[in-house]
Amino acid sequence: MPTGSAHNADATVGAVLVDGPALSRRVSELGLEISRDYEGRELLLVGVLKGAVFFISDLMRALHVPCEVDFMAVASYGDATSSSGVVRILKDLDRPIEGRDVLLVEDIVDSGLTLSYLLRTLRARAPASLEVCALLTKPGRRKIDLPIRYVGFEIPDRFVVGYGLDYRERYRNLPYVAALERSTRAL
Ligand code: XMP
Ligand code: MG
């Protein structure tokens with residue numbers, strides 16, 4: 001396990017895949033689309049910590065329908081860059097979602113295993129509706145076919161960081177989404 005200043009010496013930020021202006025434009029478009037779809041209803045946004053925090057806070061401000069926000073934190077048993085689908089809830093929602101129109105907001109859907117678990121868990125709580133909004137998806141990596149109603153961007157099979165996404169907790173604050181370049185030592 002690397003420590004101290006060598007913490008991320010095995011990785012650097014590479015090519016920008018989605019720049020800041022493209023992120024803002026797409027978030028505004030999603031905000032309009034979601035607002036149209038939920039007109040006359042009240043939305044509960046459920047964000048998945050920590051990656052979705054940046055996206056959900058921008059998305060909320062692009063919505064024109066009344067909305068509330070709640071968060072879950074999950075840990076996926078896996079390594080630093082892939083999930084196993086065995087998910088543990090670290091922080092549950094503060095409030096019940098029964099009868100609510102719920103929009104689950106994810107940073108990225110990769111294999112789909114994490115999302116599949118979350119959907120099963122939330123569906124069991126009898127929301128009035130349950131849809132998904134994911135900033136990024138990697139369709140090439142999908143192991144389960146899942147209904148993702150709103151997608152920001154489809155990206156190639158690269159590990160990405162920025163705009164909430166991390167590599168070992170670093171790079172969440174980058175105002176764009178970039179590919180992570182790893183040295184052969186870390187692969
Ligand atoms: P699955 O495979 O379950 O993975 O769909 C979803 C979760 O894995 C993390 N993930 C990433 N995190 N850059 C990241 O920073 C990536 O390219 C990436 N791909 C997957 C993320 O936590 C996501 O919720
Ligand atoms: Mg992560």
# chains A, B, ... in the order shown; residues from 1 in each chain; ligands from 1

$ residues_near_ligand --ligand "ligand 1" --cutoff "8 Å" --atoms "only C-alpha atoms and all ligand atoms" --output "MDAnalysis selection string"
chainID A and resid 48 51 76 81:85 106:116 138 141:142 157:162 164:167 179

$ select_by_dssp --residues "range 112-163 of chain A" --states "helix (DSSP H, G or I)" --output "number ranges by chain"
A: 113-123, 139-141

$ closest_residue --among "A:Arg25, A:Arg61, A:Arg88, A:Lys50" --to "ligand 2" --atoms "only C-alpha atoms and all ligand atoms"
A:Lys50

$ decode --residues "range 152-169 of chain A" --atoms "N, CA, C and O atoms" --output "short mmCIF file (atom, residue, chain, number, x, y, z; two decimals), in the first residue's frame"
data_model
loop_
_atom_site.label_atom_id
_atom_site.label_comp_id
_atom_site.auth_asym_id
_atom_site.auth_seq_id
_atom_site.Cartn_x
_atom_site.Cartn_y
_atom_site.Cartn_z
N GLY A 152 -25.62 11.16 -18.95
CA GLY A 152 -24.86 12.35 -19.35
C GLY A 152 -24.02 12.06 -20.57
O GLY A 152 -24.23 12.63 -21.64
N PHE A 153 -23.09 11.14 -20.42
CA PHE A 153 -22.17 10.81 -21.51
C PHE A 153 -21.84 9.32 -21.50
O PHE A 153 -21.63 8.74 -20.44
N GLU A 154 -21.76 8.75 -22.68
CA GLU A 154 -21.21 7.39 -22.81
C GLU A 154 -19.72 7.54 -23.06
O GLU A 154 -19.31 8.32 -23.93
N ILE A 155 -18.93 6.82 -22.29
CA ILE A 155 -17.48 6.95 -22.46
C ILE A 155 -16.87 5.57 -22.75
O ILE A 155 -17.46 4.54 -22.45
N PRO A 156 -15.68 5.59 -23.35
CA PRO A 156 -15.02 4.30 -23.63
C PRO A 156 -14.54 3.63 -22.34
O PRO A 156 -14.61 4.22 -21.26
N ASP A 157 -14.06 2.44 -22.48
CA ASP A 157 -13.63 1.65 -21.33
C ASP A 157 -12.29 2.13 -20.79
O ASP A 157 -11.26 1.51 -21.00
N ARG A 158 -12.33 3.27 -20.12
CA ARG A 158 -11.14 3.84 -19.49
C ARG A 158 -11.50 4.16 -18.05
O ARG A 158 -12.64 4.52 -17.77
N PHE A 159 -10.54 4.04 -17.14
CA PHE A 159 -10.80 4.49 -15.77
C PHE A 159 -10.68 6.00 -15.77
O PHE A 159 -9.68 6.56 -16.24
N VAL A 160 -11.70 6.68 -15.26
CA VAL A 160 -11.72 8.14 -15.32
C VAL A 160 -11.77 8.76 -13.93
O VAL A 160 -12.25 8.13 -12.97
N VAL A 161 -11.29 9.99 -13.88
CA VAL A 161 -11.30 10.75 -12.62
C VAL A 161 -11.78 12.17 -12.90
O VAL A 161 -11.81 12.62 -14.04
N GLY A 162 -12.15 12.86 -11.82
CA GLY A 162 -12.57 14.26 -11.92
C GLY A 162 -14.07 14.41 -11.78
O GLY A 162 -14.83 13.45 -11.92
N TYR A 163 -14.51 15.65 -11.49
CA TYR A 163 -15.92 15.98 -11.30
C TYR A 163 -16.58 14.96 -10.36
O TYR A 163 -17.64 14.44 -10.62
N GLY A 164 -15.89 14.67 -9.28
CA GLY A 164 -16.43 13.76 -8.27
C GLY A 164 -15.78 12.38 -8.27
O GLY A 164 -15.75 11.70 -7.25
N LEU A 165 -15.27 11.97 -9.42
CA LEU A 165 -14.69 10.63 -9.53
C LEU A 165 -13.24 10.62 -9.04
O LEU A 165 -12.47 11.54 -9.34
N ASP A 166 -12.90 9.57 -8.34
CA ASP A 166 -11.58 9.54 -7.68
C ASP A 166 -10.74 8.34 -8.09
O ASP A 166 -11.26 7.32 -8.55
N TYR A 167 -9.46 8.49 -7.86
CA TYR A 167 -8.58 7.33 -7.80
C TYR A 167 -7.92 7.40 -6.43
O TYR A 167 -7.21 8.36 -6.13
N ARG A 168 -8.23 6.43 -5.58
CA ARG A 168 -7.76 6.43 -4.19
C ARG A 168 -8.01 7.77 -3.51
O ARG A 168 -7.12 8.35 -2.89
N GLU A 169 -9.26 8.27 -3.70
CA GLU A 169 -9.76 9.50 -3.05
C GLU A 169 -9.18 10.79 -3.62
O GLU A 169 -9.57 11.88 -3.19
#
